[in-house]
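These notes concern the structure reproduced below.
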Number of protein chains: 2
Amino acid sequence: MARDRSELARDLLRGARLRCTSQRVQVLACLSGMTGHFGAEEALAAVNMLPRPPVSRATLYRLLNDLEQQGILRRVLLSENCSRYEFVGPQDRHCHLVCASCGRVEEVRSTVLDQELRHLGEKYGFSPDRASLEVTVASCNECERQRARELTNGD
Amino acid sequence: MARDRSELARDLLRGARLRCTSQRVQVLACLSGMTGHFGAEEALAAVNMLPRPPVSRATLYRLLNDLEQQGILRRVLLSENCSRYEFVGPQDRHCHLVCASCGRVEEVRSTVLDQELRHLGEKYGFSPDRASLEVTVASCNECERQRARELTNGD
DNA sequence: ATATGTGCAAATGGTTTGCATCCTC
DNA sequence: GAGGATGCAAACCATTTGCACATAT
């Protein structure tokens, strides 16, 4: 299994014309096993949890950028103070509902959204085929209630 | 006109239970006249272009946060290194198509998207009514072409 | 009168970068 | 062997914060 992921990592790197260094294989193998989105620090922690020589912060950041540019990772704009990423799998088109107040994130699959975005992409000159994702920022009901409560108390 | 916007600013502040200081009125009046989205530095520059005692960076940042929490401004996650905002008008539901490579942003209005997001919001416990927005990150055609060109050259 | 807002300058924190060294191709 | 990759520590830069002073209600 770890074997498989290392192989996958090597394939991905070669496909992206990136040199297969031990650090890159190690990071990519680890990330390909992560579910959902993650930040740079989480990734670093996960990678260096393994009994291997640790990967430095600088290398990790550089690699995250490279992988995103190659379409292997997708950068998700979920919060404004730290970048989050997703491993790009074959068919995992989904969008995120994000609460603007508490940061809660819900992953959602919707063919309606996908189709419409495809339309809009064509119309405005975008290719949502690669690294496409959709983020919706709103308030979750819990935070809305809280907000309503505060407003009421203020009276 | 500037008069009108100052009045609007005062109304908004009072409605949000925020004290009407000269700085706040000045900032909000200025922002309410801006079209499209803007970053903190742009806002600061615009505000302090007026022949008035300048508003400090700290105050501006504090105010942007307050205004967003009150739903007067909307924070738009268009790039990961700096926050951007929009003045929230009455009926301006729109989404943004963002190119992951060059940062190009296209504002798009789509009732299909709005309806679907309303559905999804209900289903997953979000209120897209307040401060809702949608962001789609993709690659614009120009950047796709460039990418294809680079890959070809690499061979 | 009192709670709040403002400005300054220093602190923060995620991310990037310069440079000497190491490793892949 | 040569050009790209790594690690360290310092640099960056948008944003936040502590504190003394000013202001709105």
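By convention here, the chains of the structure tokens are called A, B, ... in the order presented, each chain's residues are numbered starting at 1, and ligands are numbered starting at 1 in the order presented.
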Exercise for review: Please identify all polymer residues within 12 Å of DA22 in chain D, counting only C-alpha atoms (C1' of nucleotides), omitting same-chain residues fewer than 3 positions from it, and present them as a VMD selection string.
Suggested key: (chain B and resid 21) or (chain C and resid 4 to 7)
Practice item. Tell me which protein, DNA and RNA residues are within 10 Å of range 8-16 of chain C, counting only C-alpha atoms (C1' of nucleotides), leaving out same-chain ones fewer than 5 positions away, and put them as a count of residues only. Key: 21
Could you name the residues that touch DT6 in chain D at 12 Å or less, counting only C-alpha atoms (C1' of nucleotides), but leaving out those on the same chain fewer than 2 positions away, as a compact mmCIF listing (two decimals) with N, CA, C and O atoms (P, O5', C5', C4', C3', O3' and C1' of nucleotides), in the first residue's frame?
```txt
# COMPACT_ATOMS: atom_id res chain seq x y z
N THR A 21 13.05 13.15 -6.31
CA THR A 21 13.92 13.14 -5.14
C THR A 21 13.22 12.39 -4.03
O THR A 21 11.99 12.23 -4.06
N SER A 22 14.00 11.95 -3.07
CA SER A 22 13.38 11.17 -1.99
C SER A 22 12.34 12.01 -1.26
O SER A 22 11.28 11.52 -0.88
N GLN A 23 12.65 13.31 -1.07
CA GLN A 23 11.71 14.17 -0.38
C GLN A 23 10.37 14.27 -1.12
O GLN A 23 9.30 14.18 -0.53
N ARG A 24 10.47 14.45 -2.43
CA ARG A 24 9.25 14.62 -3.20
C ARG A 24 8.40 13.37 -3.19
O ARG A 24 7.18 13.43 -3.04
N PRO A 54 13.43 13.96 8.12
CA PRO A 54 12.35 14.94 7.93
C PRO A 54 12.57 15.81 6.69
O PRO A 54 13.69 16.03 6.25
N VAL A 55 11.45 16.27 6.15
CA VAL A 55 11.47 17.18 5.02
C VAL A 55 11.36 18.59 5.57
O VAL A 55 10.56 18.86 6.47
N SER A 56 12.17 19.50 5.05
CA SER A 56 12.15 20.85 5.60
C SER A 56 10.93 21.63 5.12
O SER A 56 10.33 21.33 4.10
N ARG A 57 10.61 22.63 5.91
CA ARG A 57 9.47 23.48 5.62
C ARG A 57 9.62 24.12 4.23
O ARG A 57 8.68 24.11 3.43
N ALA A 58 10.78 24.63 3.95
CA ALA A 58 11.00 25.31 2.66
C ALA A 58 10.73 24.37 1.50
O ALA A 58 10.06 24.73 0.53
N THR A 59 11.24 23.18 1.60
CA THR A 59 11.05 22.20 0.53
C THR A 59 9.58 21.88 0.35
O THR A 59 9.07 21.80 -0.77
N LEU A 60 8.90 21.70 1.46
CA LEU A 60 7.50 21.38 1.39
C LEU A 60 6.71 22.48 0.69
O LEU A 60 5.93 22.24 -0.22
N TYR A 61 6.96 23.71 1.08
CA TYR A 61 6.26 24.84 0.47
C TYR A 61 6.56 24.92 -1.02
O TYR A 61 5.68 25.16 -1.84
N ARG A 62 7.84 24.74 -1.35
CA ARG A 62 8.20 24.80 -2.77
C ARG A 62 7.48 23.71 -3.54
O ARG A 62 6.95 23.94 -4.63
N LEU A 63 7.43 22.53 -2.93
CA LEU A 63 6.80 21.41 -3.62
C LEU A 63 5.30 21.63 -3.78
O LEU A 63 4.74 21.34 -4.83
P DC C 19 22.79 35.81 -2.26
O5' DC C 19 23.36 34.47 -1.59
C5' DC C 19 23.37 34.33 -0.17
C4' DC C 19 23.86 32.94 0.22
C3' DC C 19 24.87 32.34 -0.77
O3' DC C 19 25.87 31.65 -0.03
C1' DC C 19 23.08 30.86 -0.50
P DA C 20 27.37 31.48 -0.69
O5' DA C 20 27.86 30.11 -0.03
C5' DA C 20 27.66 29.89 1.37
C4' DA C 20 27.38 28.42 1.63
C3' DA C 20 28.35 27.47 0.89
O3' DA C 20 28.78 26.44 1.79
C1' DA C 20 26.11 26.95 0.31
P DT C 21 29.65 25.19 1.20
O5' DT C 21 28.57 24.04 1.04
C5' DT C 21 27.68 23.75 2.12
C4' DT C 21 26.77 22.61 1.73
C3' DT C 21 27.49 21.41 1.11
O3' DT C 21 26.99 20.22 1.71
C1' DT C 21 25.73 22.12 -0.29
P DC C 22 27.54 18.78 1.25
O5' DC C 22 26.28 18.20 0.47
C5' DC C 22 24.98 18.30 1.07
C4' DC C 22 23.96 17.67 0.16
C3' DC C 22 24.40 16.33 -0.44
O3' DC C 22 23.30 15.43 -0.33
C1' DC C 22 23.79 17.83 -2.18
P DC C 23 23.43 13.87 -0.75
O5' DC C 23 22.56 13.82 -2.07
C5' DC C 23 21.25 14.37 -2.07
C4' DC C 23 20.70 14.35 -3.48
C3' DC C 23 20.91 13.04 -4.21
O3' DC C 23 19.66 12.73 -4.79
C1' DC C 23 21.69 14.84 -5.54
P DG D 4 18.25 24.16 -14.55
O5' DG D 4 17.44 23.36 -13.44
C5' DG D 4 16.93 22.06 -13.72
C4' DG D 4 16.84 21.26 -12.44
C3' DG D 4 15.92 21.88 -11.38
O3' DG D 4 15.13 20.85 -10.82
C1' DG D 4 18.04 21.51 -10.45
P DC D 8 17.67 21.68 8.38
O5' DC D 8 18.15 23.12 8.85
C5' DC D 8 19.54 23.48 8.70
C4' DC D 8 19.68 24.96 8.45
C3' DC D 8 18.84 25.84 9.39
O3' DC D 8 19.70 26.44 10.35
C1' DC D 8 18.86 26.65 7.12
```
